[in-house]
Amino acid sequence: MAHDHNKTDNFMIIPVDESFIQQRNQTERELLSAVKANTPQTWRTPLFPQDETGEFSFFLDAGLIDRLNLWDWFRNYKRESQASTGGIRGPQNVLYPWDMRFPINQMGVVLATLGKSLVANENSKGRQLKKIAGCEVRYNSKKYVELISRIQAAQGIQTLVTRNLAPIPIWMVSFLIFILDLDGGEHVTSSHSVSTKTATKDLNNQGSQYLSEESLQFVNKIEKILKTAESEGYSIQFSALNDDNIDFSLIDRFDGGVSLYVDYLRNGVANDANLNLIRKMKPPIVIDCVGGCMYQTMRRIFERLKVADTLKWLHVEADPLYYNIGKLDYNPKSGETEYFDLGCDFSILEVVKTADYATKLKNEPIGTVIEVTDPDGDRLIVCEIEPVDRKCILERIGIEFLDLGNGRILSIFTPNQSFLMNMDFYANQLKTIGVWEAHPRFIIKTTPSAIAWDEWALRNGVSAVNVPVGFKEIAAVIKKVERQMSNSPDEPVVVKDIFGESINLGVQPRLLFGGEESGGMITGPEELIRSRNGRTGIAMREKSAGESMVLVAALAAHCKAKRLHLSEYLERLYTENSIVGKYDIREDVVYYNESEPDPAKLKRAKLGGEMKRDRNDLFFLGLAISRHEERIGLNQVRVILEETFPSLDFSDLEGVRFVGDGTYFKFRGKFVEIRKSGTDAKTKAYASGNDKRNCRQFAEAFGNYGGELTASYRTAISDAYLSTVEEKAREIYRQFQLETV
């Protein structure tokens with residue numbers, strides 16, 4: 001692992017036992033050995049120079065397109081771009097990243113960057129563009145950033161990069177785009193996915209992820225490039241690494257963006273009331289960086305906020321294998337012995353188990369709060385060490401926990417739970433400092449997020465706007481709100497949510513919270529955010545664990561001062577706000593081993609998994625679209641579901657609808673949503689309500705259903721109609737995106 005921190009600093013770092021490092025290194029040796037064994041000699045030679053720092057060109061013609069199977073790659077890339085919710089992701093060859101048998105590869109990144117550059121220059125009206133490129137800690141990430149920068153520089157686009165192409169959190173890249181008025185950017189990341197996957201996440205000039213129509217523009221340009229190369233050849237230009245259009249210094253002058261970001265935080269969650277709480281807190285909070293890119297940035301932020309001595313750090317060194325977190329030597333479904341990566345999503349209990357906190361946190365006292373980020377720093381999970389005698393209480397209020405031994409347990413809060421506490425605490429703090437009444441407040445949430453958020457908002461006079469999955473959807477609503485605030489500053493802002501409801505947010509509203517159940521959130525500061533050129537905004541466009549870390553630290557400090565565990569705060573919150581939907585469940589169904597080193601087997605397994613995923617999705621989607629067009633009644637939906645799932649009760653079903661990327665079933669006091677992953681062969685089923693066992697039954701049944709059409713289904717919905725529902729769903733989603741009010 002590359003050392004990512006200064007050993008002489010004064011920050012408290014929890015050492016990782018050498019035995020864990022040895023185990024991690026053994027896992028990597030086995031992984032890389034398997035990758036090498038499955039890479040033929042023909043793919044071990046780079047397509048273009050890897051160590052050439054001067055400018056050069058690469059000529060693409062029909063013969064090379066055929067040899068590289070570029071059209072096959074393109075068709076897959078285009079399909080992924082239309083469905084992706086968070087960058088175009090896929091496996092890569094971690095040893096030979098030019099291997100075109102994998103979806104993400106150097107040639108693909110070069111073509112995609114060239115396509116984006118050509119589109120951007122065509123729309124620039126002759127103005128030189130300025131963008132930013134960054135990465136987290138995944139295999140080959142720095143090389144991808146270098147290639148992106150050199151392609152853009154050759155096209156006359158100035159690109160800001162970190163010194164030595166060092167990792168930088170995705171949210172900082174997004175923030176700098178907005179604050180410095182850049183023309184967009186790119187971040188090489190795949191969030192909490194398995195270590196062998198990567199992605200290029202495109203950010204527009206607002207700092208938000210590309211919407212599908214933005215991706216389609218550059219994908220179409222790639223197609224034109226390939227057609228030109230096929231007929232007459234195409235020369236791709238790479239600038240020198242020291243080209244004037246590649247700027248290694250500007251980000252550094254802002255201390256990696258830290259100086260600007262701290263100013264932003266002080267206008268929001270890092271107010272004096274919160275910072276004063278944090279400075280008094282004992283014991284220190286533990287921040288687990290999971291081997292990702294957060295340590296260097298966040299330690300400097302906390303130092304500037306003068307709260308650094310209230311923190312301890314774990315897993316601080318950059319590591320593409322994430323300290324072996326999420327790694328198994330067997331397939332959990334089949335039981336077969338093989339390398340299997342669960343990823344590092346700490347909202348999944350099985351992933352938390354692999355971190356072995358019983359050993360690593362053995363010296364931390366009861367009451368210690370742990371904040372766990374993901375590799376690119378945009379998601380946060382919260383845990384706390386509690387006494388073992390609180391097990392029954394945690395079970396009653398729906399909090400998962402693990403036994404740490406020695407009379408201690410680790411309570412693990414889902415983002416649904418921790419974010420509910422965040423918004424409640426932040427609202428109370430704004431009331432305490434006397435600014436709550438200055439503006440009407442609203443939250444933006446994705447539909448699978450807990451109904452407790454909607455309940456809390458209703459109880460506290462806060463408007464709630466529901467959107468499809470993906471933080472770009474939250475950013476899209478933010479931009480709609482800002483547009484109305486700018487065009488009609490004295491008029492109430494009205495937006496439509498994905499349920500079709502028109503929601504009056506009031507005059508000059510402020511965003512209290514925007515977030516999703518998977519662990520990403522932002523808040524909105526009191527004063528409008530102002531860029532260097534005077535652009536204003538009510539909130540940032542990308543989720544940030546940096547922002548949520550500060551808010552959680554203040555919440556934890558508040559609880560310490562009141563002698564409360566976080567779980568006690570949550571229980572009181574439920575009671576004081578009469579929350580009914582206390583429980584939430586997410587069932588992730590993964591149809592194949594994403595870490596399979598043989599790309600041929602991987603492709604077959606993924607295609608087979610996608611067929612299963614799509615059958616599941618089509619079953620539920622057919623019900624939603626048929627109901628939307630009033631071809632079937634709600635009673636018919638009940639009959640079909642009762643025949644399909646005879647062990648479940650559908651008597652209190654109140655509605656079913658398509659919500660942009662999934663099917664949402666509304667029950668009395670409960671919802672169940674089923675959606676297919678936009679990035680892989682996975683199905684996700686969510687349930688939230690007043691009975692955890694019942695929620696789990698529904699989520700597991702819906703998520704694992706094979707998609708078979710029953711007799712009553714076929715009677716109500718014809719095969720011909722079913723073949724049209726996906727296109728109808730896309731049109732519904734497109735119309736939602738186009739809505740201005």
# chains A, B, ... in the order shown; residues from 1 in each chain; ligands from 1

call {"tool": "residues_around", "arguments": {"residues": "Ser212 in chain A", "least_positions_apart": "2", "cutoff": "8 Å", "atoms": "only C-alpha atoms", "output": "PyMOL selection string"}}
result
chain A and resi 81-83+210+214-216

call {"tool": "write_last_selection", "arguments": {"atoms": "N, CA and C atoms", "output": "PDB file, in the first residue's frame"}}
result
ATOM      1  N   SER A  81     -24.481   3.771 -20.611  1.00  0.00           N
ATOM      2  CA  SER A  81     -24.646   5.215 -20.437  1.00  0.00           C
ATOM      3  C   SER A  81     -26.109   5.610 -20.323  1.00  0.00           C
ATOM      4  N   GLN A  82     -26.989   4.840 -20.934  1.00  0.00           N
ATOM      5  CA  GLN A  82     -28.414   5.158 -20.892  1.00  0.00           C
ATOM      6  C   GLN A  82     -29.061   4.757 -19.574  1.00  0.00           C
ATOM      7  N   ALA A  83     -28.442   3.800 -18.867  1.00  0.00           N
ATOM      8  CA  ALA A  83     -29.059   3.276 -17.650  1.00  0.00           C
ATOM      9  C   ALA A  83     -28.346   3.698 -16.371  1.00  0.00           C
ATOM     10  N   TYR A 210     -23.759  13.921 -14.924  1.00  0.00           N
ATOM     11  CA  TYR A 210     -24.473  14.040 -16.187  1.00  0.00           C
ATOM     12  C   TYR A 210     -25.845  13.370 -16.111  1.00  0.00           C
ATOM     13  N   GLU A 214     -27.182  14.393 -21.483  1.00  0.00           N
ATOM     14  CA  GLU A 214     -25.824  14.916 -21.574  1.00  0.00           C
ATOM     15  C   GLU A 214     -24.854  13.809 -21.981  1.00  0.00           C
ATOM     16  N   SER A 215     -25.040  12.624 -21.420  1.00  0.00           N
ATOM     17  CA  SER A 215     -24.194  11.489 -21.799  1.00  0.00           C
ATOM     18  C   SER A 215     -24.405  11.111 -23.256  1.00  0.00           C
ATOM     19  N   LEU A 216     -25.661  11.181 -23.714  1.00  0.00           N
ATOM     20  CA  LEU A 216     -25.973  10.768 -25.077  1.00  0.00           C
ATOM     21  C   LEU A 216     -25.216  11.606 -26.104  1.00  0.00           C
TER      22      LEU A 216
END

call {"tool": "select_by_dssp", "arguments": {"residues": "range 448-653 of chain A", "states": "strand (DSSP E)", "output": "ChimeraX atom specification"}}
result
/A:463-467,492-496,502-507,510-515,521-522,529-530,536-537,583-590,653

call {"tool": "select_by_dssp", "arguments": {"residues": "range 207-368 of chain A", "states": "alpha helix (DSSP H)", "output": "number ranges by chain"}}
result
A: 212-232, 250-253, 258-266, 272-279, 294-304, 349-354, 357-360

call {"tool": "write_last_selection", "arguments": {"atoms": "C-alpha atoms", "output": "PDB file, in the first residue's frame"}}
result
ATOM      1  CA  SER A 212     -28.815  10.831 -19.657  1.00  0.00           C
ATOM      2  CA  GLU A 213     -29.235  13.420 -22.401  1.00  0.00           C
ATOM      3  CA  GLU A 214     -25.824  14.916 -21.574  1.00  0.00           C
ATOM      4  CA  SER A 215     -24.194  11.489 -21.799  1.00  0.00           C
ATOM      5  CA  LEU A 216     -25.973  10.768 -25.077  1.00  0.00           C
ATOM      6  CA  GLN A 217     -24.280  13.750 -26.759  1.00  0.00           C
ATOM      7  CA  PHE A 218     -20.747  12.487 -26.253  1.00  0.00           C
ATOM      8  CA  VAL A 219     -21.702   8.832 -26.837  1.00  0.00           C
ATOM      9  CA  ASN A 220     -23.053   9.831 -30.252  1.00  0.00           C
ATOM     10  CA  LYS A 221     -19.790  11.646 -30.907  1.00  0.00           C
ATOM     11  CA  ILE A 222     -17.807   8.464 -30.143  1.00  0.00           C
ATOM     12  CA  GLU A 223     -19.895   6.655 -32.737  1.00  0.00           C
ATOM     13  CA  LYS A 224     -19.009   9.297 -35.344  1.00  0.00           C
ATOM     14  CA  ILE A 225     -15.322   9.004 -34.465  1.00  0.00           C
ATOM     15  CA  LEU A 226     -15.416   5.230 -34.975  1.00  0.00           C
ATOM     16  CA  LYS A 227     -17.244   5.567 -38.300  1.00  0.00           C
ATOM     17  CA  THR A 228     -14.694   8.117 -39.515  1.00  0.00           C
ATOM     18  CA  ALA A 229     -11.822   5.910 -38.362  1.00  0.00           C
ATOM     19  CA  GLU A 230     -13.364   2.950 -40.156  1.00  0.00           C
ATOM     20  CA  SER A 231     -13.667   4.780 -43.476  1.00  0.00           C
ATOM     21  CA  GLU A 232     -10.615   7.042 -43.565  1.00  0.00           C
ATOM     22  CA  LEU A 250      -4.055  25.923  -9.050  1.00  0.00           C
ATOM     23  CA  ILE A 251      -5.737  23.282  -6.862  1.00  0.00           C
ATOM     24  CA  ASP A 252      -2.604  23.222  -4.725  1.00  0.00           C
ATOM     25  CA  ARG A 253      -2.813  26.995  -4.196  1.00  0.00           C
ATOM     26  CA  VAL A 258      -9.672  22.874   1.628  1.00  0.00           C
ATOM     27  CA  SER A 259      -9.436  26.635   2.219  1.00  0.00           C
ATOM     28  CA  LEU A 260     -12.487  27.281   0.026  1.00  0.00           C
ATOM     29  CA  TYR A 261     -14.460  24.349   1.407  1.00  0.00           C
ATOM     30  CA  VAL A 262     -13.940  25.397   5.028  1.00  0.00           C
ATOM     31  CA  ASP A 263     -15.474  28.778   4.197  1.00  0.00           C
ATOM     32  CA  TYR A 264     -18.476  26.944   2.742  1.00  0.00           C
ATOM     33  CA  LEU A 265     -18.809  24.730   5.840  1.00  0.00           C
ATOM     34  CA  ARG A 266     -18.682  27.736   8.175  1.00  0.00           C
ATOM     35  CA  ASP A 272     -20.015  28.134  16.024  1.00  0.00           C
ATOM     36  CA  ALA A 273     -22.693  26.231  17.945  1.00  0.00           C
ATOM     37  CA  ASN A 274     -21.707  22.939  16.333  1.00  0.00           C
ATOM     38  CA  LEU A 275     -17.956  23.528  16.535  1.00  0.00           C
ATOM     39  CA  ASN A 276     -18.159  24.447  20.230  1.00  0.00           C
ATOM     40  CA  LEU A 277     -19.936  21.160  20.877  1.00  0.00           C
ATOM     41  CA  ILE A 278     -17.329  19.155  18.965  1.00  0.00           C
ATOM     42  CA  ARG A 279     -14.391  20.762  20.798  1.00  0.00           C
ATOM     43  CA  MET A 294     -10.508  11.105   2.580  1.00  0.00           C
ATOM     44  CA  TYR A 295      -7.661  11.295   5.097  1.00  0.00           C
ATOM     45  CA  GLN A 296      -5.484  13.956   3.504  1.00  0.00           C
ATOM     46  CA  THR A 297      -8.426  16.261   2.761  1.00  0.00           C
ATOM     47  CA  MET A 298     -10.487  15.785   5.914  1.00  0.00           C
ATOM     48  CA  ARG A 299      -7.646  15.994   8.391  1.00  0.00           C
ATOM     49  CA  ARG A 300      -6.771  19.453   6.984  1.00  0.00           C
ATOM     50  CA  ILE A 301     -10.425  20.517   7.109  1.00  0.00           C
ATOM     51  CA  PHE A 302     -10.774  19.465  10.756  1.00  0.00           C
ATOM     52  CA  GLU A 303      -7.470  21.156  11.562  1.00  0.00           C
ATOM     53  CA  ARG A 304      -8.643  24.458  10.057  1.00  0.00           C
ATOM     54  CA  LEU A 349     -23.951  -5.914   7.553  1.00  0.00           C
ATOM     55  CA  GLU A 350     -21.819  -8.641   5.923  1.00  0.00           C
ATOM     56  CA  VAL A 351     -19.364  -5.969   4.770  1.00  0.00           C
ATOM     57  CA  VAL A 352     -19.059  -4.494   8.283  1.00  0.00           C
ATOM     58  CA  LYS A 353     -18.179  -7.953   9.603  1.00  0.00           C
ATOM     59  CA  THR A 354     -15.131  -8.144   7.325  1.00  0.00           C
ATOM     60  CA  TYR A 357     -13.763  -3.997  14.424  1.00  0.00           C
ATOM     61  CA  ALA A 358     -13.677  -6.319  17.426  1.00  0.00           C
ATOM     62  CA  THR A 359      -9.903  -6.353  17.046  1.00  0.00           C
ATOM     63  CA  LYS A 360      -9.201  -2.943  15.547  1.00  0.00           C
TER      64      LYS A 360
END

call {"tool": "residues_around", "arguments": {"residues": "Ile498 in chain A", "least_positions_apart": "2", "cutoff": "8 Å", "atoms": "only C-alpha atoms", "output": "list in words"}}
result
Asn466, Val467, Pro468, Lys496, Gly500, Glu501, Val659, Gly660 and Phe736 of chain A

call {"tool": "residues_around", "arguments": {"residues": "Thr42 in chain A", "least_positions_apart": "2", "cutoff": "12 Å", "atoms": "only C-alpha atoms", "output": "number ranges by chain"}}
result
A: 38-40, 44-47, 67-68, 96, 98-101

call {"tool": "closest_residue", "arguments": {"among": "A:Arg696, A:Arg89, A:Lys445, A:Arg532", "to": "Ile177 in chain A", "atoms": "only C-alpha atoms"}}
result
A:Arg532

call {"tool": "residues_around", "arguments": {"residues": "Asp341 in chain A", "least_positions_apart": "3", "cutoff": "8 Å", "atoms": "only C-alpha atoms", "output": "number ranges by chain"}}
result
A: 194-195, 326-328, 593-595

call {"tool": "closest_atom_pairs", "arguments": {"of": "range 238-317 of chain A", "to": "range 369-383 of chain A", "cutoff": "10 Å", "atoms": "only C-alpha atoms", "output": "Markdown table"}}
result
| residue | atom | partner | partner_atom | distance |
| --- | --- | --- | --- | --- |
| A:Pro283 | CA | A:Val369 | CA | 8.4 |
| A:Pro284 | CA | A:Val369 | CA | 7.8 |
| A:Ile285 | CA | A:Val369 | CA | 5.2 |
| A:Val286 | CA | A:Ile370 | CA | 4.7 |
| A:Ile287 | CA | A:Glu371 | CA | 4.8 |
| A:Asp288 | CA | A:Val372 | CA | 4.7 |
| A:Cys289 | CA | A:Thr373 | CA | 5.6 |
| A:Val290 | CA | A:Asp374 | CA | 6.5 |
| A:Gly291 | CA | A:Pro375 | CA | 6.7 |
| A:Gly292 | CA | A:Pro375 | CA | 3.8 |
| A:Cys293 | CA | A:Pro375 | CA | 5.9 |
| A:Met294 | CA | A:Gly377 | CA | 5.8 |
| A:Tyr295 | CA | A:Gly377 | CA | 9.5 |
| A:Thr297 | CA | A:Gly377 | CA | 9.9 |
| A:Met298 | CA | A:Gly377 | CA | 9.6 |
| A:Leu311 | CA | A:Ile370 | CA | 9.8 |
| A:Lys312 | CA | A:Ile370 | CA | 9.3 |
| A:Trp313 | CA | A:Ile370 | CA | 9.6 |
| A:Leu314 | CA | A:Val372 | CA | 9.3 |

call {"tool": "atom_distance", "arguments": {"atom1": "CA of Phe340 in chain A", "atom2": "CA of Glu18 in chain A"}}
result
22.7 Å

call {"tool": "closest_residue", "arguments": {"among": "A:Pro489, A:Gly524, A:Gly54, A:Gly506", "to": "Ala240 in chain A", "atoms": "only C-alpha atoms"}}
result
A:Gly54

call {"tool": "closest_residue", "arguments": {"among": "A:His315, A:Arg390, A:Lys362, A:Lys582", "to": "Gln417 in chain A", "atoms": "only C-alpha atoms"}}
result
A:Lys582

call {"tool": "decode", "arguments": {"residues": "range 470-498 of chain A", "atoms": "N, CA and C atoms", "output": "compact mmCIF listing (two decimals), in the first residue's frame"}}
result
# COMPACT_ATOMS: atom_id res chain seq x y z
N GLY A 470 -30.41 8.39 -7.41
CA GLY A 470 -29.29 9.07 -8.06
C GLY A 470 -29.18 10.50 -7.58
N PHE A 471 -27.98 10.89 -7.16
CA PHE A 471 -27.84 12.24 -6.62
C PHE A 471 -28.01 13.31 -7.69
N LYS A 472 -27.83 12.93 -8.95
CA LYS A 472 -28.07 13.90 -10.02
C LYS A 472 -29.54 14.33 -10.03
N GLU A 473 -30.43 13.45 -9.54
CA GLU A 473 -31.85 13.81 -9.48
C GLU A 473 -32.09 14.86 -8.39
N ILE A 474 -31.38 14.74 -7.29
CA ILE A 474 -31.46 15.74 -6.22
C ILE A 474 -30.92 17.07 -6.73
N ALA A 475 -29.78 17.01 -7.45
CA ALA A 475 -29.18 18.23 -8.00
C ALA A 475 -30.11 18.89 -9.01
N ALA A 476 -30.84 18.09 -9.79
CA ALA A 476 -31.75 18.65 -10.79
C ALA A 476 -32.86 19.47 -10.12
N VAL A 477 -33.39 18.98 -9.00
CA VAL A 477 -34.42 19.73 -8.28
C VAL A 477 -33.82 21.01 -7.70
N ILE A 478 -32.62 20.92 -7.16
CA ILE A 478 -31.96 22.10 -6.61
C ILE A 478 -31.86 23.20 -7.67
N LYS A 479 -31.48 22.81 -8.89
CA LYS A 479 -31.35 23.80 -9.96
C LYS A 479 -32.70 24.39 -10.37
N LYS A 480 -33.75 23.58 -10.34
CA LYS A 480 -35.09 24.09 -10.64
C LYS A 480 -35.52 25.12 -9.59
N VAL A 481 -35.23 24.82 -8.32
CA VAL A 481 -35.57 25.76 -7.24
C VAL A 481 -34.80 27.07 -7.42
N GLU A 482 -33.52 26.96 -7.70
CA GLU A 482 -32.70 28.17 -7.86
C GLU A 482 -33.18 29.02 -9.03
N ARG A 483 -33.58 28.37 -10.12
CA ARG A 483 -34.05 29.11 -11.29
C ARG A 483 -35.30 29.93 -10.94
N GLN A 484 -36.21 29.32 -10.22
CA GLN A 484 -37.42 30.05 -9.83
C GLN A 484 -37.10 31.17 -8.84
N MET A 485 -36.19 30.91 -7.91
CA MET A 485 -35.80 31.94 -6.94
C MET A 485 -35.18 33.14 -7.64
N SER A 486 -34.42 32.87 -8.70
CA SER A 486 -33.77 33.95 -9.43
C SER A 486 -34.75 34.70 -10.32
N ASN A 487 -35.61 33.96 -11.02
CA ASN A 487 -36.54 34.60 -11.95
C ASN A 487 -37.68 35.33 -11.25
N SER A 488 -38.15 34.77 -10.14
CA SER A 488 -39.28 35.37 -9.41
C SER A 488 -38.98 35.37 -7.92
N PRO A 489 -38.07 36.25 -7.48
CA PRO A 489 -37.58 36.20 -6.10
C PRO A 489 -38.64 36.42 -5.03
N ASP A 490 -39.75 37.05 -5.37
CA ASP A 490 -40.79 37.33 -4.37
C ASP A 490 -41.97 36.36 -4.45
N GLU A 491 -41.84 35.34 -5.31
CA GLU A 491 -42.92 34.38 -5.49
C GLU A 491 -42.57 33.03 -4.85
N PRO A 492 -43.58 32.28 -4.41
CA PRO A 492 -43.32 30.94 -3.87
C PRO A 492 -42.72 30.03 -4.94
N VAL A 493 -41.80 29.19 -4.52
CA VAL A 493 -41.21 28.19 -5.41
C VAL A 493 -42.09 26.95 -5.40
N VAL A 494 -42.44 26.45 -6.58
CA VAL A 494 -43.28 25.26 -6.70
C VAL A 494 -42.58 24.25 -7.60
N VAL A 495 -42.43 23.02 -7.12
CA VAL A 495 -41.81 21.96 -7.92
C VAL A 495 -42.71 20.73 -7.90
N LYS A 496 -42.55 19.89 -8.91
CA LYS A 496 -43.25 18.61 -8.94
C LYS A 496 -42.29 17.50 -8.56
N ASP A 497 -42.77 16.56 -7.75
CA ASP A 497 -41.93 15.42 -7.41
C ASP A 497 -42.26 14.26 -8.34
N ILE A 498 -41.59 13.14 -8.15
CA ILE A 498 -41.76 12.00 -9.05
C ILE A 498 -43.12 11.35 -8.89
